[in-house]
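Working notes for the structure below.
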There are 2 protein chains.
Amino acid sequence: MAANSRLTIATHALVWLALAQRRGQELLTSEQVAASVNTNPVIIRRSLGDLRRAGLVDVRRGAGAGWSLAREPEGITLLEVYDAVDAQPPFGLHHTEPNLECPVGRGIRPALSGAYGRVEQAIRRELADTSIADVLRETLTNQPTGR
Amino acid sequence: MAANSRLTIATHALVWLALAQRRGQELLTSEQVAASVNTNPVIIRRSLGDLRRAGLVDVRRGAGAGWSLAREPEGITLLEVYDAVDAQPPFGLHHTEPNLECPVGRGIRPALSGAYGRVEQAIRRELADTSIADVLRETLTNQPTGR
DNA sequence: CCTTGTCGCAACAGCTTCTGTTACATCCGA
DNA sequence: TCGGATGTAACAGAAGCTGTTGCGACAAGG
């Protein structure tokens, strides 16, 4: 259960903001977003706070406050969301330093870093290929009741 | 610190087995492998147990026991190790079911599953491109003391 | 047959991370 | 000024991973 769902939560919020915007509702409160994600508003504020720091959403405070997309949904890629939420890379190196008296212990960390770096680049290329608008379109075609 | 180092530990063990084999030592005990990784032998037995179930290493029990590679290091890819250790995928979906009364809540899970599946495939393609022999070669060229 | 060295595995503790919750200060439009 | 909403700290609970101990199972070799 410890799977990282932060990218999912952030993307869900952005897709919901994009749909609301298309429907003419520019602002959503964290409570309204939380109702769709089915979680606590604080979780949403934390997530949207990450996206605000990355410049993907705008926030208005005070009375009548709420969140809105800072850019067109076509121009926001999952890669930007990934960077905004600062997800942990899939693989980690040794917790404790390997034995440096062993040739493998001496040289394996840079070797693995190279391989893991290539994997990370592949992930980034793939995430850059999907936009929030893409996810919204795909979401609307997956309506169990036929919508 | 919760970064998943299981792929790292398993790969380290396999690279060490490959080097020992090249040096003429066919069998290594979990204690010898643990000395190179700098961890507890039980950790190594757990990891090599995964690899044994996947058919990547052989084990001999009893006195004079130990581990050996089941295949040539050129033929073992990081993808097989990844599958053997059953690493968790980088992204998880919602912990709790989204609100099904919202169009986004209804359709976003299959949409995200598609995107995440493409990312997973990209990871697998990249991991399939590197073998244990590749990592061993790279490891031996990274010897700080010049070997 | 028996000793001995090693694996297999269960159980547990400690640590970290994540989610979820409560509480409260801050902000700003009306 | 008032009220509704964000920002953020503090905390609890759950889960996963590493590391450790202990002990049973196993097999080579004397």
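We label chains A, B, ... in the order they appear in the structure tokens, count residues from 1 in each chain, and number ligands from 1 in the order shown.
Interface residues on chain A toward chain D (cut-off 9 Å, only C-alpha atoms (C1' of nucleotides)): Met1, Ala2, Thr29, Ser30, Arg45, Arg46, Gly49, Val59, Arg60, Arg61, Gly62, Ala63, Gly64, Ala65, Gly66 and His95 of chain A.
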>> So that I can check the surroundings of stretch 82-92 of chain A, please list as a ChimeraX atom specification every protein, DNA and RNA residue that reaches within 10 Å of it, counting only C-alpha atoms (C1' of nucleotides) and ignoring chain neighbours fewer than 2 positions away.
In response: /A:4-11,46-56,77-80,94-95,112-113,116-117,119-120,123-124,127-128 /B:1-9,87-91,123
> So how many Å separate atom CA of B:Pro103 and atom CA of A:Asn142, to one decimal?
Replying inline: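 Those two atoms sit 9.0 Å apart.
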> Tell me, which residues of chain B carry DSSP strand (DSSP E or B), written as a list in words?
Replying inline: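 Written out, the strand (DSSP E or B) residues of chain B are Leu28, Val57, Asp58, Val59, Arg60, Gly66, Trp67, Ser68, Leu69, Thr77 and Ser131 of chain B.
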> If you run DSSP on the backbone, which residues of stretch 13-146 of chain B are alpha helix (DSSP H), as a VMD selection string?
Replying inline: chain B and resid 13 to 22 30 to 37 41 to 53 78 to 85 103 to 127 132 to 141
>> Using only C-alpha atoms (C1' of nucleotides) and a distance of at most 7 Å, pull out the residues of chain C that contact chain B, as a PyMOL selection string.
In response: chain C and resi 4-7+16-17
Those residues with all heavy atoms, as a compact mmCIF listing (two decimals), in the first residue's frame please?
# COMPACT_ATOMS: atom_id res chain seq x y z
P DT C 4 31.62 -31.25 15.44
OP1 DT C 4 33.01 -31.12 15.91
OP2 DT C 4 30.47 -30.92 16.31
O5' DT C 4 31.47 -30.43 14.08
C5' DT C 4 32.15 -30.89 12.91
C4' DT C 4 31.69 -30.06 11.72
O4' DT C 4 30.50 -30.64 11.14
C3' DT C 4 31.36 -28.61 12.05
O3' DT C 4 31.90 -27.78 11.06
C2' DT C 4 29.84 -28.59 12.03
C1' DT C 4 29.56 -29.61 10.92
N1 DT C 4 28.20 -30.22 10.97
C2 DT C 4 27.60 -30.61 9.81
O2 DT C 4 28.13 -30.49 8.73
N3 DT C 4 26.36 -31.17 9.96
C4 DT C 4 25.67 -31.35 11.14
O4 DT C 4 24.56 -31.86 11.16
C5 DT C 4 26.35 -30.91 12.33
C7 DT C 4 25.69 -31.07 13.66
C6 DT C 4 27.57 -30.37 12.19
P DG C 5 32.24 -26.22 11.35
OP1 DG C 5 33.70 -26.08 11.45
OP2 DG C 5 31.36 -25.75 12.44
O5' DG C 5 31.77 -25.53 10.00
C5' DG C 5 32.08 -26.17 8.76
C4' DG C 5 30.99 -25.91 7.76
O4' DG C 5 29.81 -26.70 8.11
C3' DG C 5 30.51 -24.45 7.71
O3' DG C 5 30.39 -24.07 6.36
C2' DG C 5 29.16 -24.48 8.41
C1' DG C 5 28.67 -25.87 8.04
N9 DG C 5 27.67 -26.41 8.95
C8 DG C 5 27.68 -26.37 10.33
N7 DG C 5 26.65 -26.97 10.88
C5 DG C 5 25.91 -27.42 9.79
C6 DG C 5 24.69 -28.14 9.76
O6 DG C 5 24.00 -28.53 10.70
N1 DG C 5 24.28 -28.41 8.45
C2 DG C 5 24.98 -28.03 7.32
N2 DG C 5 24.45 -28.39 6.16
N3 DG C 5 26.12 -27.37 7.34
C4 DG C 5 26.53 -27.10 8.60
P DT C 6 30.35 -22.51 6.00
OP1 DT C 6 31.34 -22.30 4.93
OP2 DT C 6 30.41 -21.73 7.24
O5' DT C 6 28.90 -22.34 5.39
C5' DT C 6 28.52 -23.08 4.25
C4' DT C 6 27.03 -23.23 4.20
O4' DT C 6 26.56 -23.98 5.33
C3' DT C 6 26.23 -21.92 4.25
O3' DT C 6 25.82 -21.56 2.93
C2' DT C 6 25.03 -22.24 5.13
C1' DT C 6 25.19 -23.72 5.44
N1 DT C 6 24.73 -24.09 6.80
C2 DT C 6 23.62 -24.88 6.93
O2 DT C 6 22.99 -25.30 5.99
N3 DT C 6 23.25 -25.15 8.22
C4 DT C 6 23.88 -24.71 9.37
O4 DT C 6 23.46 -25.02 10.48
C5 DT C 6 25.04 -23.90 9.16
C7 DT C 6 25.78 -23.36 10.33
C6 DT C 6 25.41 -23.62 7.90
P DC C 7 24.87 -20.25 2.74
OP1 DC C 7 25.28 -19.69 1.44
OP2 DC C 7 24.87 -19.42 3.95
O5' DC C 7 23.41 -20.88 2.57
C5' DC C 7 23.17 -21.84 1.57
C4' DC C 7 21.82 -22.51 1.79
O4' DC C 7 21.74 -23.02 3.13
C3' DC C 7 20.62 -21.56 1.63
O3' DC C 7 19.60 -22.23 0.91
C2' DC C 7 20.21 -21.26 3.06
C1' DC C 7 20.57 -22.55 3.76
N1 DC C 7 20.86 -22.38 5.21
C2 DC C 7 20.09 -23.03 6.18
O2 DC C 7 19.15 -23.72 5.80
N3 DC C 7 20.38 -22.86 7.48
C4 DC C 7 21.41 -22.10 7.84
N4 DC C 7 21.67 -21.98 9.15
C5 DC C 7 22.22 -21.43 6.88
C6 DC C 7 21.91 -21.59 5.60
P DT C 16 15.00 7.36 10.72
OP1 DT C 16 16.23 8.07 10.36
OP2 DT C 16 14.14 7.83 11.83
O5' DT C 16 14.09 7.23 9.42
C5' DT C 16 14.56 6.47 8.30
C4' DT C 16 13.45 6.34 7.28
O4' DT C 16 12.45 5.41 7.77
C3' DT C 16 12.71 7.66 6.98
O3' DT C 16 12.86 7.98 5.62
C2' DT C 16 11.26 7.37 7.36
C1' DT C 16 11.19 5.85 7.37
N1 DT C 16 10.20 5.31 8.35
C2 DT C 16 9.21 4.47 7.92
O2 DT C 16 9.07 4.15 6.76
N3 DT C 16 8.36 4.03 8.90
C4 DT C 16 8.41 4.33 10.26
O4 DT C 16 7.59 3.88 11.03
C5 DT C 16 9.48 5.22 10.64
C7 DT C 16 9.63 5.63 12.07
C6 DT C 16 10.31 5.66 9.69
P DT C 17 12.26 9.34 5.07
OP1 DT C 17 13.14 9.77 3.98
OP2 DT C 17 11.97 10.24 6.20
O5' DT C 17 10.87 8.86 4.44
C5' DT C 17 10.85 7.72 3.59
C4' DT C 17 9.43 7.39 3.18
O4' DT C 17 8.76 6.73 4.27
C3' DT C 17 8.59 8.63 2.84
O3' DT C 17 7.96 8.44 1.59
C2' DT C 17 7.59 8.72 3.99
C1' DT C 17 7.47 7.27 4.43
N1 DT C 17 7.09 7.10 5.86
C2 DT C 17 6.09 6.21 6.18
O2 DT C 17 5.50 5.55 5.35
N3 DT C 17 5.83 6.12 7.53
C4 DT C 17 6.44 6.82 8.55
O4 DT C 17 6.10 6.65 9.72
C5 DT C 17 7.47 7.73 8.13
C7 DT C 17 8.19 8.54 9.16
C6 DT C 17 7.75 7.82 6.83
>> Can you tell me which residues surround stretch 133-141 of chain B at a distance of at most 12 Å, considering only C-alpha atoms (C1' of nucleotides), apart from same-chain residues fewer than 2 positions away, and format the answer as a PyMOL selection string?
In response: (chain A and resi 102-116) or (chain B and resi 8+11-22+69+71-78+127-131+143-147)
> In Å, how far is it from atom CA of A:Pro98 to atom CA of B:Val81?
Replying inline: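 It comes out at 19.5 Å.
Among B:Ser36, B:Arg23, B:Asp58, B:Pro41, the residue with the shortest atom-to-atom distance to chain A, counting only C-alpha atoms, is B:Ser36.
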> What is the atom CA of B:Leu27 to atom C1' of C:DC2 distance in Å?
Replying inline: 25.3 Å
